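Visitor: Got a structure for you, final-v6.txt, holding compact mmCIF, C-alpha atoms.
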# COMPACT_ATOMS: atom_id res chain seq x y z
CA MET A 1 44.43 78.29 -113.99
CA ASN A 2 44.46 81.98 -114.72
CA ARG A 3 40.96 83.44 -114.38
CA GLN A 4 41.20 85.33 -117.66
CA THR A 5 42.08 82.09 -119.49
CA ALA A 6 39.17 80.35 -117.79
CA LEU A 7 36.75 83.10 -118.74
CA ALA A 8 38.03 83.09 -122.33
CA SER A 9 37.24 79.34 -122.53
CA ILE A 10 33.75 79.95 -121.23
CA LEU A 11 33.19 82.80 -123.68
CA LYS A 12 34.37 80.59 -126.53
CA SER A 13 31.62 78.10 -125.69
CA LEU A 14 28.98 80.83 -125.50
CA GLU A 15 26.17 80.97 -128.06
CA ALA A 16 24.51 84.20 -129.14
CA ASP A 17 21.28 83.35 -127.36
CA ASP A 18 22.89 82.55 -124.00
CA LEU A 19 22.14 84.85 -121.09
CA VAL A 20 24.96 85.64 -118.66
CA ILE A 21 24.76 86.96 -115.10
CA ALA A 22 28.09 88.22 -113.69
CA ILE A 23 28.86 89.20 -110.10
CA PHE A 24 30.18 92.58 -109.17
CA GLY A 25 33.94 92.98 -109.23
CA ALA A 26 36.45 91.14 -111.32
CA MET A 27 33.92 88.89 -113.07
CA SER A 28 31.82 91.78 -114.35
CA ASP A 29 34.91 93.82 -115.21
CA LEU A 30 36.63 90.99 -117.09
CA LEU A 31 33.47 90.00 -118.90
CA TYR A 32 32.81 93.59 -119.94
CA ASN A 33 36.36 94.03 -121.19
CA LEU A 34 36.61 90.66 -122.97
CA LYS A 35 33.13 90.43 -124.47
CA ASP A 36 30.50 93.03 -123.77
CA ARG A 37 27.17 91.95 -125.24
CA SER A 38 23.51 92.75 -124.66
CA GLY A 39 22.91 89.32 -123.12
CA ASN A 40 25.26 90.14 -120.22
CA PHE A 41 23.78 91.34 -116.95
CA TYR A 42 26.39 93.08 -114.83
CA MET A 43 25.65 93.08 -111.12
CA ARG A 44 26.96 95.99 -109.08
CA GLY A 45 25.53 94.88 -105.76
CA GLY A 46 23.26 92.15 -104.47
CA MET A 47 26.21 90.41 -102.93
CA GLY A 48 25.85 86.65 -102.86
CA LEU A 49 22.77 86.64 -105.04
CA ALA A 50 24.05 85.91 -108.56
CA SER A 51 22.97 82.27 -108.38
CA SER A 52 19.51 83.35 -107.20
CA ILE A 53 19.08 85.83 -110.05
CA GLY A 54 20.23 83.09 -112.43
CA LEU A 55 17.68 80.67 -110.95
CA GLY A 56 14.77 83.11 -111.32
CA LEU A 57 15.82 83.91 -114.87
CA ALA A 58 16.27 80.24 -115.82
CA LEU A 59 12.79 79.42 -114.52
CA ALA A 60 11.27 82.39 -116.35
CA VAL A 61 12.86 81.62 -119.72
CA PRO A 62 13.25 77.83 -119.92
CA ALA A 63 14.10 77.94 -123.63
CA ARG A 64 17.28 79.96 -123.01
CA ARG A 65 20.52 78.87 -121.43
CA VAL A 66 21.47 80.90 -118.36
CA ILE A 67 25.11 81.06 -117.29
CA VAL A 68 26.05 82.56 -113.93
CA LEU A 69 29.62 83.73 -113.38
CA ASP A 70 30.01 83.63 -109.61
CA GLY A 71 32.79 83.52 -107.02
CA ASP A 72 33.55 81.34 -104.01
CA GLY A 73 33.04 84.14 -101.50
CA SER A 74 29.75 85.03 -103.14
CA ILE A 75 28.18 81.57 -103.20
CA LEU A 76 29.39 80.94 -99.64
CA MET A 77 27.18 83.88 -98.60
CA ASN A 78 24.13 82.19 -100.09
CA LEU A 79 24.51 78.42 -99.79
CA GLY A 80 20.75 78.10 -99.36
CA SER A 81 20.64 78.92 -103.06
CA TYR A 82 22.00 75.46 -103.86
CA ALA A 83 19.15 73.90 -101.87
CA THR A 84 16.65 75.94 -103.90
CA ILE A 85 18.36 75.21 -107.23
CA GLY A 86 18.46 71.50 -106.36
CA ARG A 87 14.75 71.57 -105.58
CA GLU A 88 13.70 73.53 -108.66
CA SER A 89 16.27 71.80 -110.87
CA PRO A 90 16.14 74.13 -113.90
CA HIS A 91 17.58 72.22 -116.88
CA ASN A 92 18.93 75.43 -118.47
CA LEU A 93 21.01 76.83 -115.59
CA MET A 94 24.79 76.65 -115.46
CA HIS A 95 26.37 78.01 -112.30
CA ILE A 96 30.10 78.58 -112.73
CA VAL A 97 32.11 79.47 -109.65
CA PHE A 98 35.52 81.03 -110.08
CA ASP A 99 37.08 79.66 -106.92
CA ASN A 100 40.27 81.47 -105.95
CA GLU A 101 39.88 80.39 -102.33
CA SER A 102 39.96 83.97 -101.13
CA HIS A 103 37.99 87.18 -100.77
CA CYS A 104 40.25 88.65 -103.38
CA ALA A 105 38.19 91.77 -104.08
CA VAL A 106 38.21 92.87 -100.44
CA GLY A 107 41.75 92.24 -99.28
CA GLY A 108 42.31 88.55 -99.95
CA TYR A 109 41.37 86.88 -96.68
CA PRO A 110 41.11 83.11 -97.38
CA THR A 111 37.59 81.71 -97.79
CA ALA A 112 36.49 78.38 -96.37
CA THR A 113 37.22 76.72 -99.73
CA ALA A 114 40.92 77.25 -98.94
CA THR A 115 40.67 74.98 -95.93
CA ASN A 116 37.56 72.85 -95.62
CA ALA A 117 34.56 73.67 -97.78
CA ASN A 118 34.05 71.69 -100.98
CA LEU A 119 31.53 73.50 -103.15
CA GLU A 120 31.09 70.57 -105.52
CA LEU A 121 30.09 68.31 -102.63
CA ILE A 122 27.85 71.00 -101.14
CA ALA A 123 26.06 71.34 -104.49
CA LYS A 124 25.73 67.55 -104.79
CA GLY A 125 24.51 67.37 -101.21
CA ALA A 126 21.81 69.87 -102.16
CA GLY A 127 20.61 67.58 -104.92
CA ILE A 128 22.45 69.10 -107.89
CA LYS A 129 23.74 65.92 -109.51
CA ARG A 130 25.86 67.52 -112.22
CA ALA A 131 28.45 69.29 -110.13
CA ILE A 132 32.14 69.11 -110.93
CA THR A 133 35.45 70.75 -110.01
CA VAL A 134 38.04 71.55 -112.68
CA ASP A 135 41.49 73.07 -112.34
CA ASN A 136 42.85 73.18 -115.90
CA GLU A 137 41.82 74.44 -119.31
CA VAL A 138 41.46 71.04 -120.98
CA ASP A 139 39.07 69.76 -118.33
CA LEU A 140 37.16 73.02 -118.34
CA GLU A 141 36.59 72.90 -122.09
CA ARG A 142 35.53 69.27 -121.96
CA THR A 143 33.18 70.00 -119.06
CA LEU A 144 31.61 72.94 -120.88
CA ASN A 145 31.03 70.79 -123.97
CA GLU A 146 29.49 68.01 -121.91
CA ALA A 147 27.31 70.49 -120.07
CA ARG A 148 25.99 71.90 -123.31
CA ALA A 149 25.01 68.41 -124.43
CA SER A 150 23.23 67.45 -121.21
CA LYS A 151 20.41 68.72 -119.05
CA GLY A 152 21.23 70.86 -116.05
CA PRO A 153 21.36 72.33 -113.62
CA HIS A 154 25.13 72.29 -113.86
CA VAL A 155 27.55 73.51 -111.24
CA ILE A 156 31.14 73.94 -112.37
CA ILE A 157 33.72 74.90 -109.77
CA VAL A 158 36.73 76.35 -111.58
CA LYS A 159 39.83 76.56 -109.43
CA VAL A 160 41.70 79.72 -110.40
CA GLU A 161 44.73 81.60 -109.14
CA LYS A 162 44.35 84.58 -106.86
CA ASP A 163 44.52 87.75 -108.89
CA ALA A 164 43.92 91.09 -107.21
CA SER A 165 44.50 93.13 -110.35
CA ALA A 166 41.51 95.20 -111.31
CA SER A 167 40.56 96.77 -114.59
CA ARG A 168 37.37 98.54 -113.65
CA ALA A 169 34.68 98.42 -116.27
CA ASN A 170 32.68 101.56 -116.73
CA VAL A 171 29.32 100.02 -115.92
CA ASN A 172 27.37 102.58 -113.95
CA ARG A 173 24.18 103.18 -115.90
CA LEU A 174 22.45 100.28 -114.29
CA VAL A 175 18.98 100.90 -115.68
CA LYS A 176 20.48 100.82 -119.15
CA VAL A 177 22.25 97.54 -118.35
CA LYS A 178 18.90 96.07 -117.35
CA ASP A 179 16.94 97.47 -120.31
CA ARG A 180 19.55 96.23 -122.78
CA PHE A 181 19.60 92.81 -121.13
CA MET A 182 15.81 92.51 -121.22
CA GLY A 183 15.99 93.45 -124.88
CA ALA A 184 18.30 90.48 -125.40
CA VAL A 185 15.87 88.25 -123.50
CA ASN A 186 13.13 89.39 -125.91
CA ARG A 187 15.54 89.16 -128.86
CA GLU A 188 15.03 92.79 -129.77
CA ASP A 189 17.26 95.82 -129.84
CA ILE A 190 16.09 97.95 -127.01
CA ASN A 191 16.62 101.62 -126.73
CA THR A 192 13.70 102.38 -124.56
CA MET A 193 13.01 105.63 -122.86
CA GLY A 194 9.48 104.55 -121.93
CA MET B 1 -14.87 86.11 -101.07
CA ASN B 2 -12.23 85.25 -98.48
CA GLN B 3 -9.05 87.32 -98.49
CA TYR B 4 -6.85 84.56 -99.90
CA ALA B 5 -9.09 84.29 -102.97
CA ASN B 6 -9.18 88.07 -103.09
CA ILE B 7 -5.36 88.26 -103.21
CA ILE B 8 -5.14 85.55 -105.86
CA ALA B 9 -7.73 87.26 -108.06
CA SER B 10 -5.93 90.60 -107.68
CA LEU B 11 -2.54 89.09 -108.56
CA LYS B 12 -4.04 87.42 -111.63
CA GLU B 13 -5.72 90.59 -112.75
CA SER B 14 -2.34 92.30 -112.52
CA ASP B 15 -0.61 89.45 -114.38
CA VAL B 16 1.68 88.69 -111.43
CA SER B 17 2.46 85.05 -112.10
CA PHE B 18 5.86 84.43 -110.48
CA ILE B 19 5.67 84.09 -106.70
CA VAL B 20 8.60 83.71 -104.33
CA HIS B 21 7.86 82.86 -100.73
CA ILE B 22 9.49 82.48 -97.37
CA PRO B 23 7.69 80.33 -94.78
CA ASP B 24 4.90 82.16 -92.95
CA LYS B 25 1.98 80.67 -91.07
CA ILE B 26 -0.42 83.49 -91.87
CA LEU B 27 0.26 83.38 -95.61
CA LEU B 28 0.49 79.57 -95.82
CA PRO B 29 -3.12 79.00 -96.98
CA LEU B 30 -2.48 81.53 -99.75
CA ILE B 31 0.69 79.69 -100.80
CA HIS B 32 -1.17 76.37 -100.88
CA ASP B 33 -3.87 77.93 -103.09
CA LEU B 34 -1.25 79.48 -105.41
CA GLU B 35 0.48 76.13 -105.82
CA LYS B 36 -2.78 74.52 -106.95
CA ASP B 37 -3.30 77.15 -109.64
CA PRO B 38 -1.40 76.59 -112.91
CA PHE B 39 -1.38 80.35 -113.58
CA PHE B 40 1.32 80.74 -110.93
CA LYS B 41 4.87 79.51 -110.62
CA SER B 42 5.88 79.58 -106.96
CA VAL B 43 9.34 79.11 -105.52
CA LEU B 44 10.17 78.52 -101.88
CA VAL B 45 13.48 80.14 -100.90
CA THR B 46 15.60 79.80 -97.78
CA ARG B 47 15.81 83.45 -96.78
CA GLU B 48 14.50 86.84 -97.80
CA GLU B 49 17.47 88.22 -99.72
CA GLU B 50 17.64 85.03 -101.76
CA GLY B 51 14.00 85.66 -102.62
CA VAL B 52 14.79 89.18 -103.80
CA GLY B 53 17.42 87.68 -106.13
CA VAL B 54 15.13 84.97 -107.53
CA ALA B 55 12.33 87.48 -108.13
CA ALA B 56 14.73 89.91 -109.83
CA GLY B 57 15.90 87.14 -112.16
CA ALA B 58 12.33 86.20 -113.03
CA TYR B 59 11.57 89.86 -113.78
CA LEU B 60 14.58 90.01 -116.12
CA GLY B 61 13.00 87.01 -117.83
CA GLY B 62 9.79 88.96 -118.38
CA LYS B 63 7.64 87.91 -115.42
CA LYS B 64 5.76 90.09 -112.98
CA THR B 65 6.76 88.99 -109.52
CA ALA B 66 5.64 89.01 -105.90
CA LEU B 67 7.48 88.09 -102.72
CA LEU B 68 5.50 86.71 -99.77
CA MET B 69 7.12 86.91 -96.36
CA GLN B 70 6.96 88.06 -92.74
CA SER B 71 7.84 91.66 -92.02
CA THR B 72 10.70 90.78 -89.67
CA GLY B 73 12.55 89.30 -92.66
CA LEU B 74 12.88 92.80 -94.07
CA GLY B 75 16.00 93.07 -91.95
CA ASN B 76 17.55 90.26 -93.99
CA MET B 77 17.09 91.87 -97.37
CA LEU B 78 17.58 95.64 -97.29
CA ASN B 79 20.87 95.57 -99.18
CA ALA B 80 19.44 93.26 -101.82
CA LEU B 81 16.44 95.56 -102.37
CA THR B 82 18.52 98.71 -102.63
CA SER B 83 21.51 97.34 -104.57
CA ILE B 84 19.46 95.29 -107.04
CA ASN B 85 15.89 96.57 -107.38
CA VAL B 86 16.37 100.25 -106.65
CA VAL B 87 19.53 100.78 -108.71
CA HIS B 88 18.42 98.72 -111.73
CA GLN B 89 14.75 99.77 -111.41
CA ILE B 90 13.43 96.25 -111.04
CA PRO B 91 9.78 96.17 -109.94
CA LEU B 92 8.61 93.83 -107.19
CA LEU B 93 5.44 93.52 -105.16
CA ILE B 94 6.18 92.53 -101.58
CA ILE B 95 3.31 91.22 -99.48
CA MET B 96 4.32 90.81 -95.86
CA SER B 97 2.38 89.72 -92.84
CA ILE B 98 3.18 92.23 -90.13
CA ARG B 99 4.90 90.91 -87.04
CA GLY B 100 5.72 92.89 -83.93
CA ASP B 101 2.42 94.76 -83.91
CA LEU B 102 -0.83 94.42 -81.93
CA PHE B 103 -1.18 91.06 -80.16
CA GLU B 104 2.46 90.10 -80.87
CA TYR B 105 3.59 87.23 -78.63
CA ASN B 106 7.29 87.18 -79.54
CA PRO B 107 9.44 90.02 -78.18
CA ALA B 108 12.08 89.37 -80.86
CA ASP B 109 9.69 90.54 -83.58
CA VAL B 110 8.85 93.84 -81.92
CA PRO B 111 11.90 96.05 -82.67
CA LEU B 112 11.70 95.61 -86.47
CA GLY B 113 7.93 95.45 -86.47
CA ARG B 114 7.71 98.84 -84.78
CA SER B 115 10.27 100.34 -87.20
CA LEU B 116 8.68 99.36 -90.50
CA ASP B 117 7.28 102.80 -91.35
CA SER B 118 10.58 104.54 -90.62
CA ILE B 119 12.64 102.00 -92.56
CA PHE B 120 10.50 102.27 -95.69
CA LYS B 121 10.50 106.04 -95.39
CA ALA B 122 14.29 106.07 -95.01
CA ILE B 123 14.94 103.96 -98.12
CA GLY B 124 12.14 105.58 -100.08
CA LEU B 125 9.91 102.60 -100.76
CA PRO B 126 6.11 102.95 -100.98
CA TYR B 127 4.50 101.06 -98.08
CA TYR B 128 0.80 100.45 -97.59
CA THR B 129 -1.17 98.71 -94.86
CA PRO B 130 -4.66 98.29 -96.35
CA ASP B 131 -7.62 96.87 -94.48
CA GLU B 132 -9.60 94.10 -96.16
CA SER B 133 -11.81 96.54 -98.06
CA LYS B 134 -8.78 98.14 -99.78
CA LEU B 135 -6.65 95.04 -100.20
CA SER B 136 -7.49 94.27 -103.82
CA ASP B 137 -7.09 97.87 -105.00
CA THR B 138 -3.81 98.20 -103.14
CA ILE B 139 -2.42 95.05 -104.76
CA LYS B 140 -3.49 96.09 -108.26
CA GLY B 141 -2.42 99.69 -107.72
CA GLY B 142 0.82 98.58 -106.12
CA VAL B 143 1.75 96.37 -109.07
CA ALA B 144 1.01 99.29 -111.42
CA LEU B 145 3.03 101.72 -109.30
CA SER B 146 5.92 99.27 -109.06
CA GLY B 147 5.97 98.93 -112.83
CA THR B 148 5.88 102.65 -113.57
CA SER B 149 8.33 103.66 -110.83
CA GLY B 150 10.68 100.70 -111.08
CA LEU B 151 10.57 100.52 -107.29
CA PRO B 152 9.53 97.67 -105.05
CA VAL B 153 6.12 98.35 -103.48
CA VAL B 154 5.38 96.89 -100.08
CA ILE B 155 2.00 95.84 -98.73
CA GLY B 156 1.86 95.06 -95.04
CA LEU B 157 -0.97 92.89 -93.78
CA ALA B 158 -1.88 93.79 -90.22
CA PRO B 159 -2.85 90.98 -87.87
CA GLY B 160 -6.38 89.83 -88.62
CA VAL B 161 -6.79 91.36 -92.08
CA LEU B 162 -6.69 87.99 -93.83
CA GLU B 163 -9.24 86.49 -91.47
CA LYS B 164 -11.98 88.84 -92.59
CA SER B 165 -14.13 88.45 -95.66
CA HIS B 166 -15.98 91.14 -97.54
Take the structure in this file and express it as structure tokens.

Guide:
Amino acid sequence: MNRQTALASILKSLEADDLVIAIFGAMSDLLYNLKDRSGNFYMRGGMGLASSIGLGLALAVPARRVIVLDGDGSILMNLGSYATIGRESPHNLMHIVFDNESHCAVGGYPTATATNANLELIAKGAGIKRAITVDNEVDLERTLNEARASKGPHVIIVKVEKDASASRANVNRLVKVKDRFMGAVNREDINTMG
Amino acid sequence: MNQYANIIASLKESDVSFIVHIPDKILLPLIHDLEKDPFFKSVLVTREEEGVGVAAGAYLGGKKTALLMQSTGLGNMLNALTSINVVHQIPLLIIMSIRGDLFEYNPADVPLGRSLDSIFKAIGLPYYTPDESKLSDTIKGGVALSGTSGLPVVIGLAPGVLEKSH
């Protein structure tokens, strides 16, 4: 599946109140270009930690759905996160991994998911019962619908094609990104200088 | 008041309710006490940088946060602190028991332990090592400073500080 198609499916299932955490690189750039919104938090660093930020957020705001747009290289840097998510088991967290089986953003060296590592099984082994791998649009849409109707945490591994093309989003005012996002958390328009 | 109760009272007074912790023998009694108190939500993480991420997420969700750890773990989380907290201005109180200082028994903890001041100076983070008489004020003041500056504030607990009462 093309990653842009996959992201479009996810965005279609998004509700206004949903909070989205996106990793640095293609996920942030694509998300920004396809659907910038105040409830998007664009990471520019913190490599590997998107799932952890999503976990903390999900625990802090249990009434809101938290969707993390992560990558295979990123979650492989922080597999302990699955152990923590399994233990805390936040019902409102959906961790979506765009798995292109490579470190596409930094030259394309194959990740362990290309050869041996099965992220769905790793998540299940960490106690996250609702973990699934999908490789086509129909299954992705069905999985997203099922996930919305059931309690999480959900882990969805989306197999996507390698795509090294970059359309850099102009997201550099990182304090503004945070302030706007926290405004969305509080359901208020924020334009704070305080 | 023992120092564990002192820390808990100071965190409460500062409305720090979301605690992330990495295993540490010195801070363990504090963690047990926090877990018994419904005011706090505490999360055990597997390593320090993961803890920085979880705390940052909780802050985005409106919580005031603290990270409890050993000082040697600082080496595991510098990039997370600088590329999340510093650039987005995400406050965080870090309380670390200091390893690699007086009476240290493990040589592996000494190089980082002896470099703490220089590391915090180099990355520009406020770092305090209060004795027991200043612990409460440093926690409350540190939370306030972290909020106004948008920087993580670090409190190092020297060996023995938690064993004293005042």

Visitor: Could you please tell me, as a list in words, which residues of chain A have an atom within 7 Å of chain B when using all atoms listed in the file?

Guide: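 Those within range of chain B come out as Gly45, Gly46, Leu49, Ser52, Ile53, Gly54, Leu55, Gly56, Leu57, Leu59, Ala60, Val61, Gly80, Ser81, Thr84, Leu174, Val175, Lys178, Met182 and Val185 of chain A.
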
Visitor: Please report, as AutoDock Vina command-line options, the centre and edge lengths in Å to one decimal of an axis-aligned box covering all listed atoms of stretch 25-38 of chain A with 5 Å per side.

Guide:
--center_x 30.1 --center_y 91.5 --center_z -117.2 --size_x 23.1 --size_y 15.1 --size_z 26.0

Visitor: Can you pull out the residues contacting A:Thr113? Cut-off 9 Å, using all atoms listed in the file, and skip same-chain residues under 4 positions away; I want them as a VMD selection string.

Guide: chain A and resid 72 to 73 76 99 to 102 117 to 119

Visitor: Pick the closest to B:Ala66 from B:Met1, B:Ile19, B:Leu28, B:Leu34: which is it, counting only C-alpha atoms?

Guide: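 Checking each of B:Met1, B:Ile19, B:Leu28, B:Leu34 against B:Ala66, counting only C-alpha atoms, the winner is B:Ile19.
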
Visitor: From the list A:Ile128, A:Leu121, A:Val66, A:Ile157, which residue is nearest A:Asp18 when using only C-alpha atoms?

Guide: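 That would be A:Val66, the residue with the smallest distance to A:Asp18.
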
Visitor: Return the single residue from A:Leu30, A:Ile21, A:Asp139, A:Ile75 that is closest to A:Ile122, with distances computed using only C-alpha atoms.

Guide: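 Answer, going by the shortest atom-to-atom distance: A:Ile75.
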
Visitor: If we draw a sphere of 12 Å around (14.6, 86.5, -88.7), which residues have at least one atom in it when counting all atoms listed in the file? Please report them as an MDAnalysis selection string.

Guide: chainID B and resid 22:24 46:49 69:77 99:100 106 108:113

Visitor: Just how far from atom CA of A:Ala105 is atom CA of A:Asn136, in Å to one decimal?

Guide: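 It comes out at 22.5 Å.
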
Visitor: Please measure the separation of atom CA of A:Ile23 and atom CA of A:Pro90, giving the value in Å to one decimal.

Guide: 20.1 Å

Visitor: For atom CA of A:Arg65 and atom CA of A:Leu93, determine how far apart the two atoms are, in Å to one decimal place.

Guide: 6.2 Å

Visitor: Closest to A:Gly152 among A:Ser167, A:Ser89, A:Thr115, A:Thr133, using only C-alpha atoms?

Guide: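 Going through A:Ser167, A:Ser89, A:Thr115, A:Thr133 one by one, the smallest distance to A:Gly152 is for A:Ser89.
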
Visitor: Pick from B:Ile98, B:Leu67, B:Leu145, B:Ile155: nearest to B:Ser115, with only C-alpha atoms counted?

Guide: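 So, comparing all the options, the nearest one is B:Ile98.
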
Visitor: Rank nothing, just name the residue among A:Arg180, A:Asn78, A:Tyr42, A:Cys104 nearest to A:Glu161, using all atoms listed in the file.

Guide: A:Cys104

Visitor: Rebuild stretch 54-70 of chain A to N, CA and C atoms - output it as a PDB file, in the coordinates of the input, please.

Guide:
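out.pdb was written with the following content:
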ATOM      1  N   GLY A  54      20.151  84.078-111.350  1.00  0.00           N
ATOM      2  CA  GLY A  54      20.230  83.090-112.430  1.00  0.00           C
ATOM      3  C   GLY A  54      19.106  82.075-112.340  1.00  0.00           C
ATOM      4  N   LEU A  55      18.767  81.649-111.125  1.00  0.00           N
ATOM      5  CA  LEU A  55      17.680  80.670-110.950  1.00  0.00           C
ATOM      6  C   LEU A  55      16.352  81.266-111.404  1.00  0.00           C
ATOM      7  N   GLY A  56      16.046  82.482-110.943  1.00  0.00           N
ATOM      8  CA  GLY A  56      14.770  83.110-111.320  1.00  0.00           C
ATOM      9  C   GLY A  56      14.678  83.284-112.833  1.00  0.00           C
ATOM     10  N   LEU A  57      15.785  83.710-113.420  1.00  0.00           N
ATOM     11  CA  LEU A  57      15.820  83.910-114.870  1.00  0.00           C
ATOM     12  C   LEU A  57      15.636  82.581-115.610  1.00  0.00           C
ATOM     13  N   ALA A  58      16.349  81.555-115.158  1.00  0.00           N
ATOM     14  CA  ALA A  58      16.270  80.240-115.820  1.00  0.00           C
ATOM     15  C   ALA A  58      14.845  79.687-115.765  1.00  0.00           C
ATOM     16  N   LEU A  59      14.165  79.906-114.634  1.00  0.00           N
ATOM     17  CA  LEU A  59      12.790  79.420-114.520  1.00  0.00           C
ATOM     18  C   LEU A  59      11.838  80.226-115.408  1.00  0.00           C
ATOM     19  N   ALA A  60      12.156  81.518-115.571  1.00  0.00           N
ATOM     20  CA  ALA A  60      11.270  82.390-116.350  1.00  0.00           C
ATOM     21  C   ALA A  60      11.424  82.171-117.853  1.00  0.00           C
ATOM     22  N   VAL A  61      12.626  81.819-118.279  1.00  0.00           N
ATOM     23  CA  VAL A  61      12.860  81.620-119.720  1.00  0.00           C
ATOM     24  C   VAL A  61      13.493  80.252-119.971  1.00  0.00           C
ATOM     25  N   PRO A  62      12.695  79.189-119.832  1.00  0.00           N
ATOM     26  CA  PRO A  62      13.250  77.830-119.920  1.00  0.00           C
ATOM     27  C   PRO A  62      13.872  77.492-121.272  1.00  0.00           C
ATOM     28  N   ALA A  63      13.548  78.249-122.299  1.00  0.00           N
ATOM     29  CA  ALA A  63      14.100  77.940-123.630  1.00  0.00           C
ATOM     30  C   ALA A  63      15.498  78.533-123.819  1.00  0.00           C
ATOM     31  N   ARG A  64      15.970  79.316-122.866  1.00  0.00           N
ATOM     32  CA  ARG A  64      17.280  79.960-123.010  1.00  0.00           C
ATOM     33  C   ARG A  64      18.259  79.384-121.999  1.00  0.00           C
ATOM     34  N   ARG A  65      19.523  79.321-122.385  1.00  0.00           N
ATOM     35  CA  ARG A  65      20.520  78.870-121.430  1.00  0.00           C
ATOM     36  C   ARG A  65      21.004  80.049-120.592  1.00  0.00           C
ATOM     37  N   VAL A  66      21.050  79.845-119.285  1.00  0.00           N
ATOM     38  CA  VAL A  66      21.470  80.900-118.360  1.00  0.00           C
ATOM     39  C   VAL A  66      22.785  80.478-117.707  1.00  0.00           C
ATOM     40  N   ILE A  67      23.792  81.353-117.839  1.00  0.00           N
ATOM     41  CA  ILE A  67      25.110  81.060-117.290  1.00  0.00           C
ATOM     42  C   ILE A  67      25.437  82.099-116.220  1.00  0.00           C
ATOM     43  N   VAL A  68      25.722  81.640-115.018  1.00  0.00           N
ATOM     44  CA  VAL A  68      26.050  82.560-113.930  1.00  0.00           C
ATOM     45  C   VAL A  68      27.556  82.496-113.680  1.00  0.00           C
ATOM     46  N   LEU A  69      28.195  83.659-113.703  1.00  0.00           N
ATOM     47  CA  LEU A  69      29.620  83.730-113.380  1.00  0.00           C
ATOM     48  C   LEU A  69      29.748  84.251-111.954  1.00  0.00           C
ATOM     49  N   ASP A  70      30.058  83.331-111.047  1.00  0.00           N
ATOM     50  CA  ASP A  70      30.010  83.630-109.610  1.00  0.00           C
ATOM     51  C   ASP A  70      31.394  83.438-109.004  1.00  0.00           C
TER      52      ASP A  70
END
